[in-house]
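A.B. asks: Got a structure for you, upload24.txt, holding compact mmCIF, C-alpha atoms.
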```
# COMPACT_ATOMS: atom_id res chain seq x y z
CA MET A 1 290.39 60.45 76.71
CA GLY A 2 290.29 62.33 73.39
CA SER A 3 287.14 63.78 71.91
CA GLU A 4 287.09 61.13 69.20
CA HIS A 5 286.72 58.56 71.93
CA PHE A 6 284.01 60.50 73.67
CA TYR A 7 281.39 59.78 71.04
CA ARG A 8 282.05 56.08 71.04
CA HIS A 9 279.19 55.16 73.27
CA ASN A 10 280.56 51.77 74.27
CA VAL A 11 283.78 52.97 75.81
CA TYR A 12 282.48 53.10 79.35
CA VAL A 13 280.61 49.82 79.19
CA THR A 14 283.40 47.69 77.81
CA THR A 15 286.14 49.02 80.04
CA ALA A 16 283.95 48.71 83.10
CA THR A 17 282.86 45.10 82.61
CA HIS A 18 286.12 43.45 81.72
CA ALA A 19 289.68 43.97 80.67
CA PRO A 20 291.18 40.86 79.10
CA SER A 21 294.67 42.13 79.82
CA THR A 22 294.24 41.63 83.54
CA PRO A 23 294.94 38.05 84.59
CA ALA A 24 291.40 37.16 83.62
CA HIS A 25 291.81 33.49 84.24
CA PRO A 26 288.69 32.27 85.97
CA THR A 27 289.54 31.61 89.57
CA LEU A 28 291.23 28.28 89.96
CA ASN A 29 288.26 26.57 91.56
CA ARG A 30 286.15 26.57 88.43
CA PRO A 31 286.56 25.02 85.01
CA ASN A 32 287.27 27.25 82.05
CA MET A 33 283.98 27.66 80.19
CA VAL A 34 285.68 28.10 76.82
CA SER A 35 287.48 24.76 77.20
CA VAL A 36 284.39 22.86 78.34
CA GLY A 37 282.33 24.39 75.54
CA THR A 38 284.96 23.44 72.99
CA VAL A 39 285.02 19.81 74.15
CA VAL A 40 281.21 19.59 74.04
CA TRP A 41 281.24 21.05 70.52
CA LEU A 42 283.97 18.60 69.48
CA SER A 43 281.79 15.72 70.68
CA SER A 44 279.15 16.89 68.21
CA GLU A 45 281.86 16.95 65.55
CA LEU A 46 282.52 13.32 66.45
CA MET A 47 278.91 12.52 65.55
CA PHE A 48 279.34 14.38 62.25
CA PHE A 49 282.19 12.05 61.41
CA ALA A 50 280.11 9.14 62.70
CA GLY A 51 277.69 9.90 59.87
CA LEU A 52 280.56 9.81 57.36
CA PHE A 53 281.88 6.51 58.77
CA ALA A 54 278.35 5.07 58.64
CA MET A 55 278.07 6.08 54.98
CA TYR A 56 281.45 4.52 54.20
CA PHE A 57 280.68 1.19 55.89
CA THR A 58 277.19 0.96 54.41
CA LEU A 59 278.47 1.49 50.86
CA ARG A 60 281.29 -0.95 51.49
CA SER A 61 278.87 -3.66 52.64
CA THR A 62 276.57 -3.17 49.64
CA SER A 63 279.31 -3.12 46.98
CA ALA A 64 282.15 -5.26 48.27
CA ASP A 65 283.46 -6.11 44.78
CA MET A 66 283.91 -2.46 43.88
CA TRP A 67 285.81 -1.94 47.13
CA SER A 68 288.34 -4.68 46.43
CA VAL A 69 289.06 -3.20 42.98
CA GLU A 70 289.15 0.49 43.89
CA ALA A 71 290.87 0.27 47.28
CA ALA A 72 293.79 -1.52 45.63
CA LYS A 73 294.63 1.77 43.89
CA LEU A 74 295.45 3.48 47.21
CA ASN A 75 299.07 4.32 47.91
CA VAL A 76 299.29 3.09 51.50
CA PRO A 77 302.99 3.90 52.22
CA PHE A 78 302.45 7.48 51.01
CA ALA A 79 299.37 7.86 53.21
CA LEU A 80 301.29 6.37 56.13
CA VAL A 81 304.03 9.00 55.81
CA ASN A 82 301.33 11.68 55.60
CA THR A 83 299.71 10.24 58.73
CA ILE A 84 303.01 10.35 60.61
CA VAL A 85 303.40 14.01 59.61
CA LEU A 86 299.95 14.82 60.99
CA VAL A 87 300.50 12.88 64.22
CA SER A 88 303.84 14.61 64.79
CA SER A 89 302.08 17.97 64.32
CA SER A 90 299.93 17.07 67.32
CA PHE A 91 303.08 16.74 69.42
CA SER A 92 304.46 20.09 68.27
CA CYS A 93 301.03 21.61 68.94
CA GLN A 94 301.11 20.26 72.50
CA MET A 95 304.58 21.76 73.02
CA GLY A 96 303.09 25.07 71.94
CA VAL A 97 300.33 24.62 74.51
CA PHE A 98 302.90 24.03 77.25
CA ALA A 99 304.59 27.29 76.20
CA ALA A 100 301.23 29.10 76.20
CA GLU A 101 300.48 27.75 79.67
CA ARG A 102 303.68 29.26 81.01
CA LEU A 103 302.61 32.46 79.14
CA GLN A 104 305.63 32.44 76.86
CA PRO A 105 304.71 33.67 73.35
CA ARG A 106 308.22 33.86 71.83
CA ARG A 107 311.47 31.98 72.00
CA THR A 108 314.08 33.10 74.53
CA GLY A 109 316.99 31.22 72.98
CA GLY A 110 318.37 30.66 69.51
CA ARG A 111 316.28 29.88 66.46
CA PHE A 112 316.79 26.15 66.86
CA GLY A 113 316.95 26.06 70.65
CA PHE A 114 313.79 23.97 70.82
CA SER A 115 313.73 23.83 74.60
CA ARG A 116 313.36 27.62 74.71
CA TRP A 117 310.78 27.93 71.99
CA GLY A 118 307.64 29.89 72.73
CA MET A 119 304.11 29.28 71.55
CA THR A 120 304.49 31.01 68.17
CA GLU A 121 307.48 28.88 67.14
CA TRP A 122 305.77 25.62 68.05
CA PHE A 123 302.52 26.65 66.40
CA THR A 124 304.37 27.75 63.26
CA LEU A 125 305.99 24.31 63.10
CA THR A 126 302.55 22.75 63.60
CA PHE A 127 301.19 24.91 60.79
CA ILE A 128 303.97 23.77 58.45
CA LEU A 129 303.39 20.09 59.29
CA GLY A 130 299.63 20.50 58.81
CA ALA A 131 300.22 22.25 55.48
CA ILE A 132 302.47 19.38 54.38
CA PHE A 133 299.64 16.98 55.23
CA VAL A 134 297.13 18.96 53.13
CA ALA A 135 299.63 19.20 50.25
CA GLY A 136 300.26 15.46 50.46
CA GLN A 137 296.56 14.81 50.33
CA SER A 138 296.24 17.02 47.24
CA ILE A 139 298.96 14.98 45.52
CA GLU A 140 297.14 11.80 46.49
CA TYR A 141 293.86 13.17 45.10
CA THR A 142 295.39 14.11 41.75
CA THR A 143 297.00 10.66 41.46
CA LEU A 144 293.69 8.94 42.22
CA VAL A 145 291.76 11.13 39.78
CA SER A 146 294.26 10.20 37.07
CA GLU A 147 293.46 6.55 37.94
CA HIS A 148 289.74 7.32 37.45
CA VAL A 149 288.75 7.47 41.10
CA SER A 150 286.80 10.72 41.41
CA LEU A 151 283.96 12.11 43.49
CA SER A 152 281.44 11.23 40.77
CA SER A 153 283.05 8.04 39.40
CA ASP A 154 281.35 5.48 41.64
CA ALA A 155 280.26 4.78 45.22
CA TYR A 156 283.86 4.16 46.33
CA GLY A 157 285.01 7.51 44.96
CA SER A 158 282.14 9.33 46.67
CA ALA A 159 282.80 7.64 50.00
CA PHE A 160 286.56 8.16 49.79
CA TYR A 161 286.46 11.84 48.86
CA LEU A 162 283.61 12.74 51.21
CA THR A 163 285.30 11.21 54.27
CA THR A 164 288.87 12.32 53.59
CA GLY A 165 287.70 15.60 52.02
CA PHE A 166 285.65 16.68 55.02
CA HIS A 167 288.60 15.79 57.21
CA GLY A 168 290.87 17.83 54.95
CA LEU A 169 288.53 20.82 55.24
CA HIS A 170 288.75 20.47 59.03
CA VAL A 171 292.56 20.47 58.82
CA ILE A 172 292.45 23.63 56.67
CA GLY A 173 290.12 25.22 59.22
CA GLY A 174 292.64 24.33 61.93
CA LEU A 175 295.46 25.89 59.91
CA ILE A 176 293.48 29.15 59.66
CA ALA A 177 292.86 28.98 63.40
CA PHE A 178 296.61 28.60 64.02
CA LEU A 179 297.24 31.73 61.96
CA PHE A 180 294.72 33.64 64.06
CA ILE A 181 296.27 32.41 67.32
CA ILE A 182 299.81 33.23 66.20
CA GLY A 183 298.52 36.66 65.15
CA ARG A 184 296.98 37.20 68.57
CA ALA A 185 300.30 36.40 70.21
CA PHE A 186 302.01 39.02 68.02
CA VAL A 187 299.31 41.65 68.63
CA ALA A 188 299.35 41.26 72.42
CA LYS A 189 301.88 43.37 74.26
CA ARG A 190 301.24 41.27 77.33
CA PHE A 191 300.53 37.64 76.53
CA GLY A 192 297.96 36.62 79.12
CA HIS A 193 295.36 33.99 79.87
CA PHE A 194 293.09 35.50 77.22
CA GLU A 195 295.61 34.48 74.54
CA ALA A 196 296.54 31.20 76.25
CA THR A 197 292.93 30.03 76.48
CA SER A 198 292.35 30.40 72.75
CA ALA A 199 295.64 28.61 72.03
CA ILE A 200 294.61 25.72 74.28
CA VAL A 201 291.17 25.25 72.72
CA VAL A 202 292.65 25.34 69.20
CA SER A 203 294.99 22.56 70.34
CA TYR A 204 291.96 20.53 71.50
CA TYR A 205 290.50 20.92 68.04
CA TRP A 206 293.78 19.94 66.40
CA HIS A 207 294.18 16.80 68.53
CA PHE A 208 290.59 15.86 67.75
CA VAL A 209 291.11 16.23 63.98
CA ASP A 210 294.29 14.19 64.34
CA VAL A 211 292.50 11.36 66.15
CA VAL A 212 289.73 11.37 63.52
CA TRP A 213 292.40 10.98 60.85
CA ILE A 214 293.89 7.97 62.64
CA GLY A 215 290.39 6.43 62.57
CA LEU A 216 290.00 7.27 58.87
CA PHE A 217 293.45 5.91 58.07
CA LEU A 218 292.74 2.62 59.82
CA VAL A 219 289.36 2.25 58.11
CA ILE A 220 290.25 3.41 54.59
CA TYR A 221 293.89 2.37 54.17
CA VAL A 222 294.45 -0.51 56.60
CA LEU A 223 291.04 -2.22 56.71
CA LYS A 224 290.20 -1.27 53.10
CA MET B 1 282.37 18.26 89.17
CA LYS B 2 282.38 14.49 89.70
CA ILE B 3 278.63 14.22 89.14
CA GLU B 4 278.91 15.82 85.69
CA SER B 5 281.75 13.53 84.65
CA LYS B 6 279.79 10.46 85.80
CA LEU B 7 276.67 11.68 84.04
CA PHE B 8 278.53 11.57 80.73
CA GLY B 9 281.19 8.94 81.42
CA TRP B 10 278.75 6.22 82.49
CA GLY B 11 277.06 6.57 79.11
CA THR B 12 280.07 4.69 77.73
CA PHE B 13 279.12 1.57 79.68
CA PHE B 14 275.60 1.82 78.29
CA PHE B 15 276.30 2.55 74.63
CA VAL B 16 279.09 -0.02 74.04
CA PRO B 17 276.93 -3.06 75.02
CA VAL B 18 273.95 -1.56 73.18
CA ALA B 19 276.05 -1.19 70.01
CA ILE B 20 277.16 -4.83 70.27
CA VAL B 21 273.59 -6.05 70.85
CA TYR B 22 272.40 -3.90 67.94
CA GLY B 23 275.11 -5.39 65.72
CA PHE B 24 274.05 -8.95 66.60
CA MET B 25 270.35 -8.18 66.11
CA THR B 26 271.08 -6.86 62.60
CA ASN B 27 273.61 -9.63 61.78
CA TRP B 28 276.27 -6.90 61.36
CA THR B 29 274.70 -5.83 58.06
CA GLU B 30 273.25 -2.49 59.17
CA TRP B 31 276.23 -0.22 59.80
CA VAL B 32 274.60 3.16 60.35
CA GLY B 33 273.03 2.30 63.70
CA THR B 34 275.98 0.21 64.91
CA LEU B 35 278.48 2.97 64.22
CA ALA B 36 276.23 5.75 65.49
CA ILE B 37 275.70 3.97 68.82
CA LEU B 38 279.36 3.00 69.07
CA LEU B 39 280.49 6.58 68.51
CA LEU B 40 277.87 7.80 70.99
CA ALA B 41 279.95 5.81 73.46
CA GLY B 42 282.90 7.83 72.16
CA LEU B 43 280.98 11.05 72.68
CA SER B 44 280.15 10.09 76.29
CA ALA B 45 283.69 8.98 76.99
CA MET B 46 285.16 12.15 75.50
CA ILE B 47 283.08 14.58 77.57
CA GLY B 48 283.18 12.33 80.65
CA PHE B 49 286.96 12.00 80.53
CA TYR B 50 287.46 15.74 80.03
CA LEU B 51 285.15 16.63 82.92
CA ALA B 52 286.80 14.03 85.19
CA PHE B 53 290.23 15.41 84.25
CA THR B 54 289.03 18.96 84.95
CA ALA B 55 287.43 17.88 88.22
CA ARG B 56 290.76 16.53 89.44
CA ARG B 57 292.48 19.76 88.48
CA VAL B 58 290.07 22.35 89.89
CA GLY B 59 288.93 20.42 92.96
CA MET B 60 285.64 21.06 94.73
CA ARG B 61 283.62 23.99 93.46
CA PRO B 62 281.23 25.77 95.80
CA GLU B 63 278.29 24.02 94.10
CA ASP B 64 279.85 20.64 94.91
CA ARG B 65 279.88 21.31 98.65
CA LEU B 66 276.91 21.29 101.01
CA ASP B 67 278.46 23.87 103.32
CA ALA B 68 279.27 26.44 100.60
CA GLU B 69 278.09 30.04 100.80
CA ILE B 70 276.65 31.96 97.85
CA HIS B 71 279.49 34.50 97.88
CA GLU B 72 282.11 31.81 97.25
CA GLY B 73 280.84 31.59 93.69
CA ALA B 74 281.57 35.29 93.12
CA GLY B 75 284.44 36.59 91.02
CA GLU B 76 285.64 36.26 87.49
CA GLN B 77 283.48 33.79 85.56
CA GLY B 78 285.25 34.09 82.24
CA HIS B 79 285.63 36.47 79.35
CA PHE B 80 282.30 37.64 77.94
CA SER B 81 281.84 40.18 75.20
CA PRO B 82 279.18 42.69 76.28
CA TRP B 83 278.20 43.21 72.64
CA SER B 84 279.75 42.81 69.22
CA TRP B 85 278.88 43.57 65.62
CA TRP B 86 281.12 40.84 64.21
CA PRO B 87 278.75 37.87 64.55
CA LEU B 88 276.24 39.86 62.48
CA VAL B 89 278.87 40.50 59.78
CA LEU B 90 279.80 36.80 59.74
CA GLY B 91 276.12 35.86 59.55
CA LEU B 92 275.68 38.20 56.59
CA ALA B 93 278.70 36.61 54.92
CA CYS B 94 277.19 33.14 55.40
CA ALA B 95 273.79 34.29 54.11
CA THR B 96 275.43 35.89 51.07
CA GLY B 97 277.38 32.69 50.47
CA PHE B 98 274.26 30.52 50.50
CA ALA B 99 272.40 33.02 48.32
CA GLY B 100 275.36 32.88 45.93
CA MET B 101 275.08 29.10 45.60
CA ALA B 102 271.49 29.58 44.46
CA ILE B 103 271.96 32.70 42.30
CA GLY B 104 275.42 32.54 40.80
CA PHE B 105 278.64 31.10 42.13
CA TRP B 106 280.60 34.34 41.69
CA VAL B 107 278.65 35.78 44.66
CA VAL B 108 280.25 33.10 46.88
CA TYR B 109 283.69 34.65 46.31
CA ILE B 110 282.40 38.01 47.57
CA ALA B 111 280.94 36.20 50.58
CA GLY B 112 284.34 34.58 51.15
CA GLY B 113 285.95 38.00 51.33
CA MET B 114 283.27 39.18 53.75
CA ALA B 115 283.84 36.10 55.90
CA ILE B 116 287.57 36.80 56.13
CA VAL B 117 286.88 40.39 57.23
CA ALA B 118 284.31 39.19 59.79
CA LEU B 119 286.56 36.47 61.21
CA VAL B 120 289.56 38.77 61.53
CA GLY B 121 287.35 41.42 63.14
CA TRP B 122 285.84 38.94 65.57
CA VAL B 123 289.07 37.18 66.56
CA TYR B 124 290.98 40.44 67.14
CA GLU B 125 288.14 42.47 68.64
CA TYR B 126 289.60 42.27 72.15
CA SER B 127 293.22 42.59 71.06
CA ARG B 128 293.11 45.96 69.34
CA GLY B 129 291.81 49.51 69.61
CA ASP B 130 290.42 50.30 73.04
CA HIS B 131 291.16 46.75 74.17
CA ALA B 132 294.80 46.55 73.06
CA HIS B 133 296.86 44.99 75.79
```
Show how you would write the structure in this file as structure tokens.
C.D. replies:
Amino acid sequence: MGSEHFYRHNVYVTTATHAPSTPAHPTLNRPNMVSVGTVVWLSSELMFFAGLFAMYFTLRSTSADMWSVEAAKLNVPFALVNTIVLVSSSFSCQMGVFAAERLQPRRTGGRFGFSRWGMTEWFTLTFILGAIFVAGQSIEYTTLVSEHVSLSSDAYGSAFYLTTGFHGLHVIGGLIAFLFIIGRAFVAKRFGHFEATSAIVVSYYWHFVDVVWIGLFLVIYVLK
Amino acid sequence: MKIESKLFGWGTFFFVPVAIVYGFMTNWTEWVGTLAILLLAGLSAMIGFYLAFTARRVGMRPEDRLDAEIHEGAGEQGHFSPWSWWPLVLGLACATGFAGMAIGFWVVYIAGGMAIVALVGWVYEYSRGDHAH
């Protein structure tokens, strides 16, 4: 240990209490606290979106005429394609989780040998699909604004942009999380359970955001 | 773990009928309560299902068995940071951001930069330096 390390007072404490590089998976007979905590937090996120759905349905019931006029401006086929992109990103995300669970960060085969892809390849694909979804939503927003549906135009605009906008912010948050997780895989010399756990909980979040979008799509675009 | 999963999962069978009764009592005109109760069923189902799934995977924990000894619960509990400065930095970034919304929006951009530094520092704290592995 060099002298520059000597004065860092935490060195002894941190190395003595844990070393994430060791197979630090909690023994198999107990649930992973990070995963359970994430699911409990996601259930509170569900109630956040419950508030948004409640707002949407209340405004819809009080101004039904406005809804029939404004909702007709939605481009349902475009949103459907966007939805399919987001749902497929959930599948690629789950493939990345399977790779993380077998502690495989990188591909062992060719660039397009999907069966040998590691976590980073699958998560990069997920990132691209999620980014396409966000870009598609931006295009949709600009089209709707040009048709005079904006956040401040009327109750429909407020409800539409608040529900889909908060969902979009969640997707962007997930994209940032994917970058962090991919970065962790590159930083780690030995990809262990420390890295795998964070990859798995980010996938929980991603699946949750995906399911919320399916609910939003059914309510806003199908039910109108 | 079965008791935990039942504790949450059975909530589903309570909240779904309650949401339907609530809907009838309000003639399906009051959507806030109906949806809130209905999605509470979703909340219960979500946690209950996850705990039931985990229970099947990890089997009986010492605290689930009457004949367990204290020492069986020993060992690695998870990864806990003994201390960290990064939450404080992120908190400062959030505080600066909210102050910026009140004072002048340009401050929010500075807070955004601080938040990026804090998040990167926090996420990679146990992947670099003394903890590189």
A.B. asks: Provide an axis-aligned box for all listed atoms of range 96-104 of chain A, padding each side by 4 Å; report its centre and its edge lengths in Å to one decimal, as AutoDock Vina command-line options.
C.D. replies:
```
--center_x 303.0 --center_y 28.2 --center_z 76.5 --size_x 13.3 --size_y 16.4 --size_z 17.1
```
A.B. asks: Please report as number ranges by chain which residues of chain B come no farther than 8 Å from chain A, using only C-alpha atoms.
C.D. replies: B: 29-33, 35-36, 39-40, 42-43, 46-47, 50-51, 54-55, 58-61, 75-80, 82, 120, 123-124, 126-128, 130-133
A.B. asks: What would the file look like if the residues just selected were written as a PDB file, keeping the file's coordinate frame with C-alpha atoms?
C.D. replies:
```
ATOM      1  CA  THR B  29     274.700  -5.830  58.060  1.00  0.00           C
ATOM      2  CA  GLU B  30     273.250  -2.490  59.170  1.00  0.00           C
ATOM      3  CA  TRP B  31     276.230  -0.220  59.800  1.00  0.00           C
ATOM      4  CA  VAL B  32     274.600   3.160  60.350  1.00  0.00           C
ATOM      5  CA  GLY B  33     273.030   2.300  63.700  1.00  0.00           C
ATOM      6  CA  LEU B  35     278.480   2.970  64.220  1.00  0.00           C
ATOM      7  CA  ALA B  36     276.230   5.750  65.490  1.00  0.00           C
ATOM      8  CA  LEU B  39     280.490   6.580  68.510  1.00  0.00           C
ATOM      9  CA  LEU B  40     277.870   7.800  70.990  1.00  0.00           C
ATOM     10  CA  GLY B  42     282.900   7.830  72.160  1.00  0.00           C
ATOM     11  CA  LEU B  43     280.980  11.050  72.680  1.00  0.00           C
ATOM     12  CA  MET B  46     285.160  12.150  75.500  1.00  0.00           C
ATOM     13  CA  ILE B  47     283.080  14.580  77.570  1.00  0.00           C
ATOM     14  CA  TYR B  50     287.460  15.740  80.030  1.00  0.00           C
ATOM     15  CA  LEU B  51     285.150  16.630  82.920  1.00  0.00           C
ATOM     16  CA  THR B  54     289.030  18.960  84.950  1.00  0.00           C
ATOM     17  CA  ALA B  55     287.430  17.880  88.220  1.00  0.00           C
ATOM     18  CA  VAL B  58     290.070  22.350  89.890  1.00  0.00           C
ATOM     19  CA  GLY B  59     288.930  20.420  92.960  1.00  0.00           C
ATOM     20  CA  MET B  60     285.640  21.060  94.730  1.00  0.00           C
ATOM     21  CA  ARG B  61     283.620  23.990  93.460  1.00  0.00           C
ATOM     22  CA  GLY B  75     284.440  36.590  91.020  1.00  0.00           C
ATOM     23  CA  GLU B  76     285.640  36.260  87.490  1.00  0.00           C
ATOM     24  CA  GLN B  77     283.480  33.790  85.560  1.00  0.00           C
ATOM     25  CA  GLY B  78     285.250  34.090  82.240  1.00  0.00           C
ATOM     26  CA  HIS B  79     285.630  36.470  79.350  1.00  0.00           C
ATOM     27  CA  PHE B  80     282.300  37.640  77.940  1.00  0.00           C
ATOM     28  CA  PRO B  82     279.180  42.690  76.280  1.00  0.00           C
ATOM     29  CA  VAL B 120     289.560  38.770  61.530  1.00  0.00           C
ATOM     30  CA  VAL B 123     289.070  37.180  66.560  1.00  0.00           C
ATOM     31  CA  TYR B 124     290.980  40.440  67.140  1.00  0.00           C
ATOM     32  CA  TYR B 126     289.600  42.270  72.150  1.00  0.00           C
ATOM     33  CA  SER B 127     293.220  42.590  71.060  1.00  0.00           C
ATOM     34  CA  ARG B 128     293.110  45.960  69.340  1.00  0.00           C
ATOM     35  CA  ASP B 130     290.420  50.300  73.040  1.00  0.00           C
ATOM     36  CA  HIS B 131     291.160  46.750  74.170  1.00  0.00           C
ATOM     37  CA  ALA B 132     294.800  46.550  73.060  1.00  0.00           C
ATOM     38  CA  HIS B 133     296.860  44.990  75.790  1.00  0.00           C
TER      39      HIS B 133
END
```
A.B. asks: Dump as CSV the rows for residues of range 47-140 of chain A within 7 Å of range 203-207 of chain A: closest atom pair and distance in Å with one decimal, all atoms listed in the file counted, ordered by chain and rising residue number.
C.D. replies:
```
residue,atom,partner,partner_atom,distance
A:Ser90,CA,A:His207,CA,5.9
A:Cys93,CA,A:Ser203,CA,6.3
A:Gln94,CA,A:Ser203,CA,6.9
```
A.B. asks: Give me, as a Markdown table, the closest atom pair and its distance (Å, one decimal) for every residue of range 99-194 of chain A within a cut-off of 9 Å of range 77-80 of chain A, counting all atoms listed in the file, rows sorted by chain and rising number.
C.D. replies:
```
| residue | atom | partner | partner_atom | distance |
| --- | --- | --- | --- | --- |
| A:Gly136 | CA | A:Ala79 | CA | 8.1 |
| A:Gln137 | CA | A:Ala79 | CA | 8.0 |
| A:Glu140 | CA | A:Ala79 | CA | 8.1 |
```
A.B. asks: Could you write out that same residue set with C-alpha atoms as a PDB file, in the coordinates of the input?
C.D. replies:
```pdb
ATOM      1  CA  GLY A 136     300.260  15.460  50.460  1.00  0.00           C
ATOM      2  CA  GLN A 137     296.560  14.810  50.330  1.00  0.00           C
ATOM      3  CA  GLU A 140     297.140  11.800  46.490  1.00  0.00           C
TER       4      GLU A 140
END
```
A.B. asks: With all atoms listed in the file as the atoms that count, which of B:Ala68, B:Ala52, B:Val16, B:Leu92 lies nearest to Lys2 in chain B?
C.D. replies: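 Among B:Ala68, B:Ala52, B:Val16, B:Leu92, it is B:Ala52 that comes nearest to Lys2 in chain B.
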A.B. asks: For the atom pair CA of Leu129 in chain A and CA of Leu144 in chain A, what is the interatomic distance in Å to one decimal place?
C.D. replies: 22.6 Å
A.B. asks: With only C-alpha atoms as the counted atoms, please give the residues lying no more than 12 Å from Leu151 in chain A, apart from itself and same-chain residues fewer than 4 positions off, as a ChimeraX atom specification.
C.D. replies: /A:141-142,144-145,155-165
A.B. asks: Applying 12 Å and all atoms listed in the file, which residues near range 108-114 of chain A remain after dropping the ones on its own chain fewer than 2 positions away? List them as a list in words.
C.D. replies: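 Neighbouring residues, sequence-local ones excluded: Ser92, Met95, Gly96, Ala99, Gln104, Pro105, Arg106, Arg116, Trp117, Gly118, Met119, Thr120, Glu121, Trp122 and Leu125 of chain A.
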A.B. asks: From (291.6, -1.6, 51.3), in the file's coordinates, out to 6 Å: which residues are reached, counting only C-alpha atoms? Answer as a PyMOL selection string.
C.D. replies: chain A and resi 71+221+223-224
A.B. asks: As a PyMOL selection string, please: the residues near Trp86 in chain B (cut-off 8 Å, only C-alpha atoms, same-chain neighbours under 2 positions excluded).
C.D. replies: chain B and resi 84+88-90+118-119+121-122
A.B. asks: Now that the selection is made, can you save its residues with C-alpha atoms as a compact mmCIF listing (two decimals), keeping the file's coordinate frame?
C.D. replies:
```txt
# COMPACT_ATOMS: atom_id res chain seq x y z
CA SER B 84 279.75 42.81 69.22
CA LEU B 88 276.24 39.86 62.48
CA VAL B 89 278.87 40.50 59.78
CA LEU B 90 279.80 36.80 59.74
CA ALA B 118 284.31 39.19 59.79
CA LEU B 119 286.56 36.47 61.21
CA GLY B 121 287.35 41.42 63.14
CA TRP B 122 285.84 38.94 65.57
```
A.B. asks: Enter the distance from CA of Ile70 in chain B to CA of Ile3 in chain B, in Å, rounded to one decimal.
C.D. replies: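 One can read the CA of Ile70 in chain B to CA of Ile3 in chain B distance as 19.9 Å.
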A.B. asks: CA of Gly112 in chain B and CA of Ala93 in chain B are how many Å apart?
C.D. replies: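 CA of Ala93 in chain B lies at a distance of 7.1 Å from CA of Gly112 in chain B.
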